[in-house]
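Content type compact mmCIF, C-alpha atoms, from the file start.txt:
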```
# COMPACT_ATOMS: atom_id res chain seq x y z
CA MET N 1 -14.33 47.14 -74.05
CA GLY N 2 -17.47 48.04 -72.10
CA GLY N 3 -18.46 44.38 -71.77
CA SER N 4 -15.38 43.63 -69.72
CA VAL N 5 -15.86 46.37 -67.13
CA TRP N 6 -18.22 44.36 -64.93
CA VAL N 7 -15.85 41.39 -65.08
CA VAL N 8 -12.97 43.60 -63.91
CA LEU N 9 -15.01 45.11 -61.08
CA LEU N 10 -16.24 41.73 -59.90
CA ALA N 11 -12.77 40.20 -59.93
CA SER N 12 -11.39 43.20 -58.02
CA VAL N 13 -14.04 42.98 -55.29
CA LEU N 14 -13.50 39.24 -54.94
CA ALA N 15 -9.75 39.73 -54.73
CA LEU N 16 -10.11 42.18 -51.85
CA GLY N 17 -12.56 39.93 -50.03
CA LEU N 18 -10.43 36.83 -50.42
CA VAL N 19 -7.20 38.50 -49.36
CA VAL N 20 -8.79 40.12 -46.31
CA GLY N 21 -10.72 36.97 -45.47
CA SER N 22 -7.72 34.64 -45.42
CA VAL N 23 -7.25 32.85 -42.11
CA GLU N 24 -4.18 31.29 -40.66
CA ALA N 25 -5.48 28.99 -37.92
CA SER N 26 -8.24 26.41 -37.42
CA LEU N 27 -10.32 26.16 -34.26
CA GLY N 28 -10.31 22.37 -34.23
CA ASP N 29 -6.58 21.71 -34.09
CA VAL N 30 -6.01 24.16 -31.21
CA ASP N 31 -8.64 22.36 -29.10
CA PRO N 32 -6.77 20.89 -26.06
CA GLN N 33 -8.99 17.77 -26.02
CA TYR N 34 -8.24 17.10 -29.68
CA ARG N 35 -4.50 17.62 -29.18
CA THR N 36 -4.42 15.27 -26.19
CA CYS N 37 -6.35 12.65 -28.14
CA VAL N 38 -3.89 12.76 -31.05
CA GLU N 39 -0.85 12.52 -28.75
CA GLU N 40 -2.26 9.51 -26.88
CA CYS N 41 -3.31 7.82 -30.11
CA GLN N 42 0.14 8.20 -31.65
CA THR N 43 1.74 6.82 -28.48
CA THR N 44 -0.52 3.80 -27.93
CA GLY N 45 -1.88 3.10 -31.42
CA ILE N 46 -5.34 2.63 -29.90
CA LEU N 47 -8.30 5.01 -29.90
CA GLY N 48 -11.52 3.72 -28.42
CA GLY N 49 -12.34 0.58 -30.35
CA ASN N 50 -10.01 1.45 -33.24
CA ILE N 51 -6.53 0.02 -33.61
CA ILE N 52 -4.27 2.30 -35.64
CA SER N 53 -2.16 -0.26 -37.49
CA TYR N 54 0.43 2.25 -38.74
CA CYS N 55 1.15 3.44 -35.19
CA GLN N 56 1.45 -0.08 -33.79
CA SER N 57 3.69 -1.20 -36.64
CA LEU N 58 6.07 1.61 -35.66
CA GLU N 59 6.42 0.07 -32.20
CA ASN N 60 6.79 -3.50 -33.44
CA ASP N 61 9.00 -2.83 -36.46
CA THR N 62 12.46 -4.28 -35.90
CA SER N 63 13.43 -4.53 -39.56
CA VAL N 64 16.94 -3.54 -40.58
CA GLY N 65 17.98 -1.94 -43.84
CA GLY N 66 15.90 -0.45 -46.61
CA SER N 67 15.00 3.14 -47.10
CA TRP N 68 14.18 4.88 -43.81
CA TYR N 69 11.93 7.40 -45.57
CA ASN N 70 10.02 4.78 -47.53
CA GLN N 71 9.35 2.69 -44.41
CA GLU N 72 9.53 4.53 -41.10
CA GLN N 73 8.66 8.01 -42.34
CA TRP N 74 5.69 6.81 -44.35
CA LYS N 75 4.36 4.84 -41.38
CA LEU N 76 4.83 7.87 -39.14
CA LEU N 77 2.94 10.13 -41.56
CA ASN N 78 0.06 7.66 -41.87
CA CYS N 79 -0.02 7.08 -38.11
CA ARG N 80 -0.46 10.81 -37.53
CA ALA N 81 -3.03 11.13 -40.34
CA ASP N 82 -5.15 8.25 -38.99
CA CYS N 83 -4.95 9.54 -35.41
CA ARG N 84 -5.97 13.01 -36.53
CA TYR N 85 -8.94 11.58 -38.44
CA PHE N 86 -10.33 9.39 -35.66
CA CYS N 87 -9.74 12.04 -32.99
CA MET N 88 -11.40 14.64 -35.22
CA MET N 89 -14.48 12.46 -35.74
CA GLN N 90 -14.64 11.64 -32.02
CA ARG N 91 -14.38 15.31 -31.07
CA GLU N 92 -17.03 16.28 -33.64
CA ARG N 93 -19.46 13.71 -32.21
CA GLU N 94 -18.90 15.25 -28.80
CA ARG N 95 -19.45 18.74 -30.18
CA GLN N 96 -22.59 17.65 -32.01
CA SER N 97 -24.03 16.18 -28.79
CA LEU N 98 -23.54 19.62 -27.20
CA GLY N 99 -25.29 21.35 -30.09
CA LEU N 100 -22.10 22.93 -31.44
CA SER N 101 -21.35 23.50 -35.12
CA PRO N 102 -18.49 21.70 -36.96
CA VAL N 103 -15.09 23.39 -36.98
CA LYS N 104 -12.03 23.01 -39.18
CA TYR N 105 -8.99 20.92 -38.27
CA HIS N 106 -5.65 21.83 -39.83
CA GLY N 107 -7.41 24.04 -42.36
CA LYS N 108 -9.98 21.42 -43.44
CA TRP N 109 -13.50 20.46 -42.50
CA PRO N 110 -14.26 17.05 -40.92
CA PHE N 111 -14.96 14.77 -43.90
CA LEU N 112 -16.21 11.19 -43.87
CA ARG N 113 -13.76 8.75 -45.40
CA VAL N 114 -14.62 6.26 -48.14
CA SER N 115 -12.06 3.45 -48.08
CA ILE N 116 -8.65 5.14 -48.49
CA PHE N 117 -10.20 8.40 -49.73
CA GLN N 118 -10.18 11.09 -47.06
CA GLU N 119 -12.10 13.56 -49.24
CA PRO N 120 -13.72 11.31 -51.86
CA LEU N 121 -15.68 13.95 -53.74
CA SER N 122 -12.78 16.39 -54.07
CA ALA N 123 -10.44 13.54 -55.08
CA LEU N 124 -12.87 12.41 -57.79
CA LEU N 125 -13.44 15.92 -59.12
CA SER N 126 -9.69 16.58 -59.19
CA ALA N 127 -9.21 13.43 -61.29
CA ILE N 128 -11.96 14.60 -63.68
CA ASN N 129 -10.25 18.00 -63.98
CA LEU N 130 -7.00 16.22 -64.84
CA LEU N 131 -8.82 14.26 -67.54
CA MET N 132 -10.40 17.45 -68.91
CA HIS N 133 -6.99 19.09 -69.22
CA PHE N 134 -5.57 16.03 -70.92
CA THR N 135 -8.37 15.86 -73.50
CA GLY N 136 -8.18 19.64 -73.99
CA TRP N 137 -4.43 19.54 -74.55
CA LEU N 138 -4.72 16.52 -76.87
CA SER N 139 -7.29 18.26 -79.07
CA PHE N 140 -5.08 21.38 -79.11
CA PHE N 141 -2.03 19.28 -80.07
CA LEU N 142 -3.90 17.57 -82.91
CA LEU N 143 -5.19 20.93 -84.13
CA VAL N 144 -1.85 22.74 -84.35
CA LYS N 145 0.14 19.71 -85.48
CA TYR N 146 -2.11 18.11 -88.08
CA LYS N 147 -5.07 20.36 -88.93
CA LEU N 148 -3.64 23.86 -89.17
CA PRO N 149 -1.04 24.66 -91.88
CA LEU N 150 2.64 24.71 -90.89
CA ARG N 151 5.33 27.16 -91.94
CA PRO N 152 6.75 25.93 -95.28
CA GLN N 153 10.41 26.48 -94.43
CA THR N 154 10.58 25.19 -90.84
CA LYS N 155 7.47 22.94 -90.65
CA ARG N 156 6.71 24.62 -87.35
CA THR N 157 3.33 26.01 -86.36
CA TYR N 158 2.37 29.56 -87.24
CA TYR N 159 0.97 29.98 -83.74
CA GLU N 160 3.79 31.53 -81.70
CA TYR N 161 2.54 30.28 -78.32
CA THR N 162 2.23 26.56 -79.09
CA SER N 163 5.14 25.44 -76.90
CA LEU N 164 3.99 27.67 -74.04
CA TRP N 165 0.58 26.02 -74.01
CA HIS N 166 2.20 22.57 -74.04
CA ILE N 167 4.09 23.51 -70.88
CA TYR N 168 0.87 24.90 -69.40
CA ALA N 169 -0.87 21.58 -70.06
CA ILE N 170 1.89 19.62 -68.30
CA LEU N 171 1.78 21.89 -65.25
CA SER N 172 -2.03 21.76 -65.16
CA MET N 173 -2.14 17.96 -65.27
CA ASN N 174 0.59 17.78 -62.64
CA ALA N 175 -1.32 20.15 -60.34
CA TRP N 176 -4.59 18.22 -60.64
CA PHE N 177 -2.78 14.91 -60.18
CA TRP N 178 -1.34 16.02 -56.86
CA SER N 179 -4.65 17.59 -55.89
CA SER N 180 -6.28 14.20 -56.37
CA ILE N 181 -3.55 12.46 -54.36
CA PHE N 182 -3.72 15.07 -51.58
CA HIS N 183 -7.50 14.77 -51.23
CA THR N 184 -7.09 11.00 -51.17
CA ARG N 185 -4.39 10.94 -48.50
CA ASP N 186 -3.55 14.12 -46.60
CA VAL N 187 -0.03 13.82 -45.18
CA ASP N 188 2.73 16.44 -45.03
CA LEU N 189 4.37 15.22 -48.25
CA THR N 190 1.19 15.18 -50.37
CA GLU N 191 0.10 18.53 -48.91
CA LYS N 192 3.35 20.22 -49.88
CA LEU N 193 3.31 18.67 -53.36
CA ASP N 194 -0.28 19.83 -53.88
CA TYR N 195 0.39 23.39 -52.72
CA SER N 196 3.68 23.65 -54.61
CA SER N 197 2.14 22.35 -57.84
CA ALA N 198 -0.77 24.78 -57.59
CA VAL N 199 1.54 27.75 -56.99
CA ALA N 200 3.79 26.72 -59.90
CA LEU N 201 0.76 26.49 -62.19
CA LEU N 202 -0.59 29.87 -61.12
CA GLY N 203 2.80 31.53 -61.55
CA TYR N 204 3.32 30.08 -64.99
CA SER N 205 -0.26 30.93 -66.00
CA LEU N 206 0.40 34.54 -65.04
CA ILE N 207 3.53 34.59 -67.18
CA LEU N 208 1.64 33.06 -70.10
CA ALA N 209 -1.21 35.56 -69.73
CA LEU N 210 1.23 38.48 -69.88
CA LEU N 211 3.16 37.06 -72.85
CA ARG N 212 -0.01 36.44 -74.87
CA THR N 213 -1.85 39.63 -74.02
CA PHE N 214 1.21 41.82 -74.69
CA ASN N 215 1.95 39.74 -77.81
CA VAL N 216 5.54 39.05 -76.72
CA LYS N 217 7.26 36.89 -79.35
CA ASP N 218 10.95 37.72 -78.93
CA GLU N 219 12.73 35.18 -76.70
CA ALA N 220 14.85 37.76 -74.86
CA THR N 221 11.79 39.86 -74.03
CA ARG N 222 9.95 36.76 -72.85
CA VAL N 223 12.77 36.03 -70.44
CA MET N 224 12.56 39.60 -69.11
CA PHE N 225 8.82 39.17 -68.51
CA ALA N 226 9.17 35.76 -66.90
CA ALA N 227 12.30 36.15 -64.75
CA PRO N 228 10.89 38.23 -61.84
CA ILE N 229 7.72 36.11 -61.62
CA LEU N 230 9.73 32.87 -61.75
CA ALA N 231 12.05 34.19 -59.03
CA PHE N 232 9.12 35.10 -56.77
CA VAL N 233 7.24 31.82 -57.35
CA THR N 234 10.38 29.75 -56.73
CA THR N 235 11.11 31.66 -53.52
CA HIS N 236 7.51 31.23 -52.37
CA ILE N 237 7.57 27.46 -53.01
CA LEU N 238 10.84 27.13 -51.10
CA TYR N 239 9.34 29.16 -48.25
CA LEU N 240 6.31 26.85 -48.05
CA ASN N 241 8.36 23.66 -48.16
CA PHE N 242 11.39 24.47 -46.02
CA TYR N 243 10.39 27.34 -43.71
CA LYS N 244 6.69 27.52 -42.96
CA LEU N 245 3.55 26.23 -44.68
CA ASP N 246 1.65 29.44 -44.04
CA TYR N 247 -1.92 28.86 -45.30
CA GLY N 248 -3.01 32.48 -44.95
CA TRP N 249 -0.03 33.93 -46.81
CA ASN N 250 -0.25 31.26 -49.51
CA MET N 251 -3.93 32.04 -50.03
CA LYS N 252 -3.15 35.73 -50.52
CA VAL N 253 -0.35 34.98 -53.01
CA CYS N 254 -2.52 32.59 -55.03
CA VAL N 255 -5.52 34.92 -55.08
CA VAL N 256 -3.45 37.89 -56.23
CA MET N 257 -1.86 35.88 -59.06
CA ALA N 258 -5.24 34.46 -60.10
CA VAL N 259 -7.03 37.81 -60.09
CA VAL N 260 -4.25 39.57 -62.02
CA GLN N 261 -4.70 36.92 -64.71
CA LEU N 262 -8.47 37.38 -64.78
CA LEU N 263 -8.12 41.13 -65.12
CA THR N 264 -5.41 40.83 -67.78
CA TRP N 265 -7.39 38.43 -69.98
CA ALA N 266 -10.67 40.35 -69.55
CA ILE N 267 -9.19 43.74 -70.47
CA TRP N 268 -7.16 42.32 -73.36
CA ALA N 269 -10.20 40.58 -74.85
CA GLY N 270 -12.14 43.84 -74.81
CA VAL N 271 -9.35 46.01 -76.17
CA THR N 272 -8.38 43.67 -79.03
CA GLN N 273 -11.95 42.61 -79.84
CA HIS N 274 -10.76 39.01 -80.04
CA PRO N 275 -13.26 36.90 -82.04
CA SER N 276 -13.60 34.44 -79.12
CA ARG N 277 -13.82 37.09 -76.42
CA LEU N 278 -17.25 35.86 -75.27
CA LYS N 279 -15.75 32.48 -74.38
CA LEU N 280 -12.92 34.19 -72.55
CA TRP N 281 -15.24 36.54 -70.68
CA THR N 282 -17.39 33.58 -69.66
CA VAL N 283 -14.36 31.83 -68.21
CA VAL N 284 -13.32 35.01 -66.38
CA PHE N 285 -16.79 35.82 -65.06
CA VAL N 286 -17.73 32.30 -63.96
CA GLY N 287 -14.20 31.75 -62.64
CA ALA N 288 -14.54 34.90 -60.52
CA LEU N 289 -17.93 33.75 -59.23
CA ALA N 290 -16.50 30.31 -58.44
CA MET N 291 -13.98 32.02 -56.16
CA LEU N 292 -16.94 32.81 -53.90
CA PHE N 293 -16.87 29.14 -52.89
CA GLU N 294 -13.42 29.76 -51.40
CA LEU N 295 -14.61 32.94 -49.65
CA TYR N 296 -18.00 31.79 -48.33
CA ASP N 297 -16.91 28.43 -47.00
CA PHE N 298 -19.31 26.00 -45.31
CA PRO N 299 -19.08 22.56 -43.62
CA PRO N 300 -19.39 19.47 -45.83
CA TYR N 301 -22.97 18.45 -46.59
CA LYS N 302 -23.53 14.90 -45.29
CA GLY N 303 -19.79 14.83 -44.60
CA TYR N 304 -18.78 14.92 -48.28
CA ALA N 305 -19.57 18.10 -50.28
CA ASP N 306 -18.07 21.36 -49.02
CA ALA N 307 -17.44 24.67 -50.77
CA HIS N 308 -13.99 23.61 -51.96
CA SER N 309 -15.37 20.50 -53.67
CA LEU N 310 -17.98 22.66 -55.41
CA TRP N 311 -15.16 24.88 -56.66
CA HIS N 312 -13.52 21.75 -58.10
CA ALA N 313 -16.82 20.92 -59.80
CA SER N 314 -17.13 24.41 -61.30
CA THR N 315 -13.69 24.20 -62.92
CA ILE N 316 -14.65 21.14 -65.01
CA PRO N 317 -16.85 22.97 -67.59
CA LEU N 318 -14.56 26.00 -67.39
CA THR N 319 -11.59 23.83 -68.40
CA TYR N 320 -13.45 22.64 -71.49
CA LEU N 321 -14.35 26.21 -72.42
CA TRP N 322 -10.81 27.44 -71.69
CA TRP N 323 -9.17 24.93 -74.03
CA SER N 324 -11.81 25.78 -76.62
CA PHE N 325 -10.69 29.41 -76.43
CA ILE N 326 -7.01 28.38 -76.71
CA LYS N 327 -7.79 26.44 -79.90
CA ASP N 328 -9.76 29.37 -81.27
CA ASP N 329 -6.83 31.66 -80.54
CA ALA N 330 -4.47 29.31 -82.39
CA GLU N 331 -6.76 29.29 -85.43
CA PHE N 332 -7.18 33.07 -85.29
CA ARG N 333 -3.44 33.80 -85.09
CA THR N 334 -2.62 31.23 -87.78
CA SER N 335 -5.20 32.73 -90.15
CA THR N 336 -3.95 36.26 -89.45
CA LEU N 337 -0.30 35.38 -90.07
CA ILE N 338 -1.07 33.49 -93.29
CA LYS N 339 -3.00 36.50 -94.62
CA LYS N 340 -0.08 38.79 -93.79
CA ALA N 341 2.35 36.44 -95.54
CA LYS N 342 0.30 36.64 -98.71
```
Do you think you could lay out the structure here as structure tokens?
Amino acid sequence: MGGSVWVVLLASVLALGLVVGSVEASLGDVDPQYRTCVEECQTTGILGGNIISYCQSLENDTSVGGSWYNQEQWKLLNCRADCRYFCMMQRERERQSLGLSPVKYHGKWPFLRVSIFQEPLSALLSAINLLMHFTGWLSFFLLVKYKLPLRPQTKRTYYEYTSLWHIYAILSMNAWFWSSIFHTRDVDLTEKLDYSSAVALLGYSLILALLRTFNVKDEATRVMFAAPILAFVTTHILYLNFYKLDYGWNMKVCVVMAVVQLLTWAIWAGVTQHPSRLKLWTVVFVGALAMLFELYDFPPYKGYADAHSLWHASTIPLTYLWWSFIKDDAEFRTSTLIKKAK
């Protein structure tokens, strides 16, 4: 148990810092010169020597029929995104000439595009995280389905949490998919899908952490554990999508859910003396340290690598280690239950 105390303390300090340090506005997008630039760009479709094709196609489009959302709304979203990008880069060049530091626009630093990728490094790292979850889930599936013994009567796995981890894998891959899309093309739709997917994953992960650490196997009791968290997460997602996309409040909600999970897993590993507790503690400790990237943010180096992209990078080895722990837990529980049956 003593080995988990420092993990708990660290996670608690980080939680307080992250919640207090959450911000709700960006200096760049309240700049009057930036706002004027975006408005003029969206109206004319021209910014300096750049022609914003999406904005001009809105003016010239006389097509009839088809899906309004698929055509007009998508053009409108891309027109605004392109105008924001070029106005942001123009304003940052002006600020740089005056010796001023970069500022955030709409919650994000000014990144340099690569082709269609607005944040190329974060998009790439998100895709790698998706791949890591897929390979981790696949190895877990092969382990419980074909390598570990099954119950003789039902041919189901001995491990009581198999289906829960399958759902976790689906939500994880979905979250990283939309993260990759969002960092590729930041429009209102992709932003909401990215935030909603992340919140859904965190909420479900919290439920799974509680069910596993409290060893809840009865279906009715599982529902009692899950219902209030599901209700809160659903309400929060609806709030973000249909009322207000409040970045500061969302950050606080996500941090609290993440830290509660870290504390739960760390304490449980110490109390139960789980055989793979060192792997779990490593994930908790390094995961808590990685949260510092979200707290001590900095502008993108050379226009590409910021603190958030480094957080994406840190989760790649942690994902491998996390799925390794999940497989160890499946083997441990299966072995324990087989011994009891004998």
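The point (-10.8, 11.9, -39.8) has these residues within 10 Å of it when all atoms listed in the file are used: Ala81, Asp82, Cys83, Arg84, Tyr85, Phe86, Cys87, Met88, Met89, Gln90, Glu92, Tyr105, Trp109, Pro110, Phe111, Leu112, Arg113, Gln118 and Glu119 of chain N.
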File of the preceding selection, C-alpha atoms, as a CSV table (one decimal), in the coordinates of the input:
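Output file part05.csv is given in full below:
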```csv
chain,number,residue,atom,x,y,z
N,81,ALA,CA,-3.0,11.1,-40.3
N,82,ASP,CA,-5.2,8.2,-39.0
N,83,CYS,CA,-5.0,9.5,-35.4
N,84,ARG,CA,-6.0,13.0,-36.5
N,85,TYR,CA,-8.9,11.6,-38.4
N,86,PHE,CA,-10.3,9.4,-35.7
N,87,CYS,CA,-9.7,12.0,-33.0
N,88,MET,CA,-11.4,14.6,-35.2
N,89,MET,CA,-14.5,12.5,-35.7
N,90,GLN,CA,-14.6,11.6,-32.0
N,92,GLU,CA,-17.0,16.3,-33.6
N,105,TYR,CA,-9.0,20.9,-38.3
N,109,TRP,CA,-13.5,20.5,-42.5
N,110,PRO,CA,-14.3,17.0,-40.9
N,111,PHE,CA,-15.0,14.8,-43.9
N,112,LEU,CA,-16.2,11.2,-43.9
N,113,ARG,CA,-13.8,8.8,-45.4
N,118,GLN,CA,-10.2,11.1,-47.1
N,119,GLU,CA,-12.1,13.6,-49.2
```
Inset, instruction - Name the closest residue to N:Phe117 among the candidates N:Thr213, N:Ser172, N:Gln73, N:Thr184; distances are taken between atoms, counting all atoms listed in the file. - result: N:Thr184
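For the choices N:Ile51, N:Ala330, N:Leu295, N:Leu100, the atom-to-atom distance to N:Tyr161 is smallest for N:Ala330 when using all atoms listed in the file.
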Inset, instruction - Within 6 Å of N:Leu130, counting all atoms listed in the file, which residues show up once you throw out same-chain ones fewer than 3 positions away? Write them as a PyMOL selection string, please. - result: chain N and resi 127+133+173+176
Inset, instruction - Could you check which of N:Tyr146, N:Asn241, N:Ser276, N:Tyr168 is closest to N:Arg333, using only C-alpha atoms? - result: N:Ser276
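Closest approach to N:Gln33 among N:Leu208, N:Lys302, N:Arg95, N:Thr234: N:Arg95, based on only C-alpha atoms.
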Inset, instruction - Kindly give the distance, in Å, that separates atom CA of N:Ala290 and atom CA of N:Ile267, rounded to a single decimal. - result: 19.5 Å
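For the residues N:Ala198, N:His312, N:Trp281, N:Pro228, ranking by smallest atom-to-atom distance to N:Ala258 using all atoms listed in the file places N:Ala198 first.
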Axis-aligned box over every listed atom of stretch 138-154 of chain N, padded by 6 Å per side: centre and edges in Å to one decimal, as JSON?
```
{"center_x": 1.6, "center_y": 21.8, "center_z": -86.1, "size_x": 29.9, "size_y": 22.6, "size_z": 30.4}
```
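Shortest separation to N:Arg80 among N:Cys41, N:Leu47, N:Val284, N:Val260 occurs at residue N:Cys41, atoms counted being all atoms listed in the file.
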Legend entry - Who sits within 12 Å of N:Leu240, all atoms listed in the file, same chain under 4 positions skipped, as an NGL selection string: :N and (188-189 or 191-197 or 199 or 233-236 or 244-251 or 253)
Inset, instruction - For atom CA of N:Ser205 and atom CA of N:Trp137, quote the distance in Å rounded to one decimal. - result: 14.8 Å
Inset, instruction - Excluding N:Lys217 and residues on its chain fewer than 4 positions from it, collect all residues at most 10 Å away from it, counting all atoms listed in the file, and give them as a list in words. - result: Glu160, Tyr161, Leu211, Arg212, Thr221 and Arg222 of chain N
Legend entry - 9 Å contact set for N:His106, only C-alpha atoms, chain neighbours under 3 positions out, as an MDAnalysis selection string: chainID N and resid 25:30 109
Inset, instruction - Figure out the distance between atom CA of N:Tyr54 and atom CA of N:Leu77, please, to one decimal in Å. - result: 8.7 Å
Legend entry - Selection near N:Ala209, 12 Å with only C-alpha atoms, sequence-local residues under 2 positions removed, as an MDAnalysis selection string: chainID N and resid 161 164:165 168 201:207 211:216 222 225:226 257:269 326
Inset, instruction - Select, counting only C-alpha atoms, all protein, DNA and RNA residues no farther than 12 Å from (-2.6, 18.8, -77.6) in file coordinates, and express the selection as a ChimeraX atom specification. - result: /N:132-147,162-170,323-324,326-327,330
Would you save the residues of that selection, restricted to C-alpha atoms, as a compact mmCIF listing (two decimals), keeping the file's coordinate frame?
```
# COMPACT_ATOMS: atom_id res chain seq x y z
CA MET N 132 -10.40 17.45 -68.91
CA HIS N 133 -6.99 19.09 -69.22
CA PHE N 134 -5.57 16.03 -70.92
CA THR N 135 -8.37 15.86 -73.50
CA GLY N 136 -8.18 19.64 -73.99
CA TRP N 137 -4.43 19.54 -74.55
CA LEU N 138 -4.72 16.52 -76.87
CA SER N 139 -7.29 18.26 -79.07
CA PHE N 140 -5.08 21.38 -79.11
CA PHE N 141 -2.03 19.28 -80.07
CA LEU N 142 -3.90 17.57 -82.91
CA LEU N 143 -5.19 20.93 -84.13
CA VAL N 144 -1.85 22.74 -84.35
CA LYS N 145 0.14 19.71 -85.48
CA TYR N 146 -2.11 18.11 -88.08
CA LYS N 147 -5.07 20.36 -88.93
CA THR N 162 2.23 26.56 -79.09
CA SER N 163 5.14 25.44 -76.90
CA LEU N 164 3.99 27.67 -74.04
CA TRP N 165 0.58 26.02 -74.01
CA HIS N 166 2.20 22.57 -74.04
CA ILE N 167 4.09 23.51 -70.88
CA TYR N 168 0.87 24.90 -69.40
CA ALA N 169 -0.87 21.58 -70.06
CA ILE N 170 1.89 19.62 -68.30
CA TRP N 323 -9.17 24.93 -74.03
CA SER N 324 -11.81 25.78 -76.62
CA ILE N 326 -7.01 28.38 -76.71
CA LYS N 327 -7.79 26.44 -79.90
CA ALA N 330 -4.47 29.31 -82.39
```
Could you pull stretch 75-93 of chain N out of the block above and give me N, CA and C atoms, as a PDB file, in the first residue's frame?
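Output saved as selection.pdb:
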```pdb
ATOM      1  N   LYS N  75     -19.645  23.940 -46.549  1.00  0.00           N
ATOM      2  CA  LYS N  75     -18.889  25.039 -47.145  1.00  0.00           C
ATOM      3  C   LYS N  75     -18.762  26.186 -46.151  1.00  0.00           C
ATOM      4  N   LEU N  76     -19.847  26.466 -45.439  1.00  0.00           N
ATOM      5  CA  LEU N  76     -19.827  27.545 -44.454  1.00  0.00           C
ATOM      6  C   LEU N  76     -18.814  27.265 -43.346  1.00  0.00           C
ATOM      7  N   LEU N  77     -18.793  26.023 -42.856  1.00  0.00           N
ATOM      8  CA  LEU N  77     -17.855  25.648 -41.801  1.00  0.00           C
ATOM      9  C   LEU N  77     -16.412  25.771 -42.282  1.00  0.00           C
ATOM     10  N   ASN N  78     -16.149  25.324 -43.510  1.00  0.00           N
ATOM     11  CA  ASN N  78     -14.789  25.389 -44.035  1.00  0.00           C
ATOM     12  C   ASN N  78     -14.383  26.810 -44.379  1.00  0.00           C
ATOM     13  N   CYS N  79     -15.352  27.620 -44.820  1.00  0.00           N
ATOM     14  CA  CYS N  79     -15.073  29.037 -45.071  1.00  0.00           C
ATOM     15  C   CYS N  79     -14.616  29.711 -43.783  1.00  0.00           C
ATOM     16  N   ARG N  80     -15.343  29.483 -42.703  1.00  0.00           N
ATOM     17  CA  ARG N  80     -14.977  30.096 -41.426  1.00  0.00           C
ATOM     18  C   ARG N  80     -13.639  29.570 -40.926  1.00  0.00           C
ATOM     19  N   ALA N  81     -13.401  28.261 -41.065  1.00  0.00           N
ATOM     20  CA  ALA N  81     -12.145  27.670 -40.597  1.00  0.00           C
ATOM     21  C   ALA N  81     -10.950  28.244 -41.367  1.00  0.00           C
ATOM     22  N   ASP N  82     -11.085  28.371 -42.696  1.00  0.00           N
ATOM     23  CA  ASP N  82      -9.979  28.902 -43.491  1.00  0.00           C
ATOM     24  C   ASP N  82      -9.734  30.380 -43.174  1.00  0.00           C
ATOM     25  N   CYS N  83     -10.822  31.147 -43.018  1.00  0.00           N
ATOM     26  CA  CYS N  83     -10.655  32.564 -42.682  1.00  0.00           C
ATOM     27  C   CYS N  83      -9.992  32.725 -41.322  1.00  0.00           C
ATOM     28  N   ARG N  84     -10.411  31.917 -40.362  1.00  0.00           N
ATOM     29  CA  ARG N  84      -9.790  31.986 -39.042  1.00  0.00           C
ATOM     30  C   ARG N  84      -8.299  31.678 -39.125  1.00  0.00           C
ATOM     31  N   TYR N  85      -7.933  30.680 -39.940  1.00  0.00           N
ATOM     32  CA  TYR N  85      -6.530  30.278 -40.035  1.00  0.00           C
ATOM     33  C   TYR N  85      -5.684  31.390 -40.639  1.00  0.00           C
ATOM     34  N   PHE N  86      -6.102  31.909 -41.795  1.00  0.00           N
ATOM     35  CA  PHE N  86      -5.290  32.928 -42.471  1.00  0.00           C
ATOM     36  C   PHE N  86      -5.260  34.237 -41.681  1.00  0.00           C
ATOM     37  N   CYS N  87      -6.362  34.603 -41.046  1.00  0.00           N
ATOM     38  CA  CYS N  87      -6.362  35.803 -40.217  1.00  0.00           C
ATOM     39  C   CYS N  87      -5.478  35.614 -38.981  1.00  0.00           C
ATOM     40  N   MET N  88      -5.511  34.406 -38.409  1.00  0.00           N
ATOM     41  CA  MET N  88      -4.668  34.104 -37.260  1.00  0.00           C
ATOM     42  C   MET N  88      -3.185  34.235 -37.628  1.00  0.00           C
ATOM     43  N   MET N  89      -2.794  33.640 -38.765  1.00  0.00           N
ATOM     44  CA  MET N  89      -1.392  33.692 -39.165  1.00  0.00           C
ATOM     45  C   MET N  89      -0.976  35.127 -39.503  1.00  0.00           C
ATOM     46  N   GLN N  90      -1.887  35.883 -40.131  1.00  0.00           N
ATOM     47  CA  GLN N  90      -1.576  37.279 -40.436  1.00  0.00           C
ATOM     48  C   GLN N  90      -1.398  38.091 -39.155  1.00  0.00           C
ATOM     49  N   ARG N  91      -2.290  37.883 -38.201  1.00  0.00           N
ATOM     50  CA  ARG N  91      -2.211  38.622 -36.932  1.00  0.00           C
ATOM     51  C   ARG N  91      -0.958  38.221 -36.154  1.00  0.00           C
ATOM     52  N   GLU N  92      -0.572  36.956 -36.209  1.00  0.00           N
ATOM     53  CA  GLU N  92       0.623  36.513 -35.493  1.00  0.00           C
ATOM     54  C   GLU N  92       1.894  37.091 -36.110  1.00  0.00           C
ATOM     55  N   ARG N  93       1.912  37.246 -37.431  1.00  0.00           N
ATOM     56  CA  ARG N  93       3.068  37.897 -38.068  1.00  0.00           C
ATOM     57  C   ARG N  93       3.179  39.349 -37.617  1.00  0.00           C
TER      58      ARG N  93
END
```
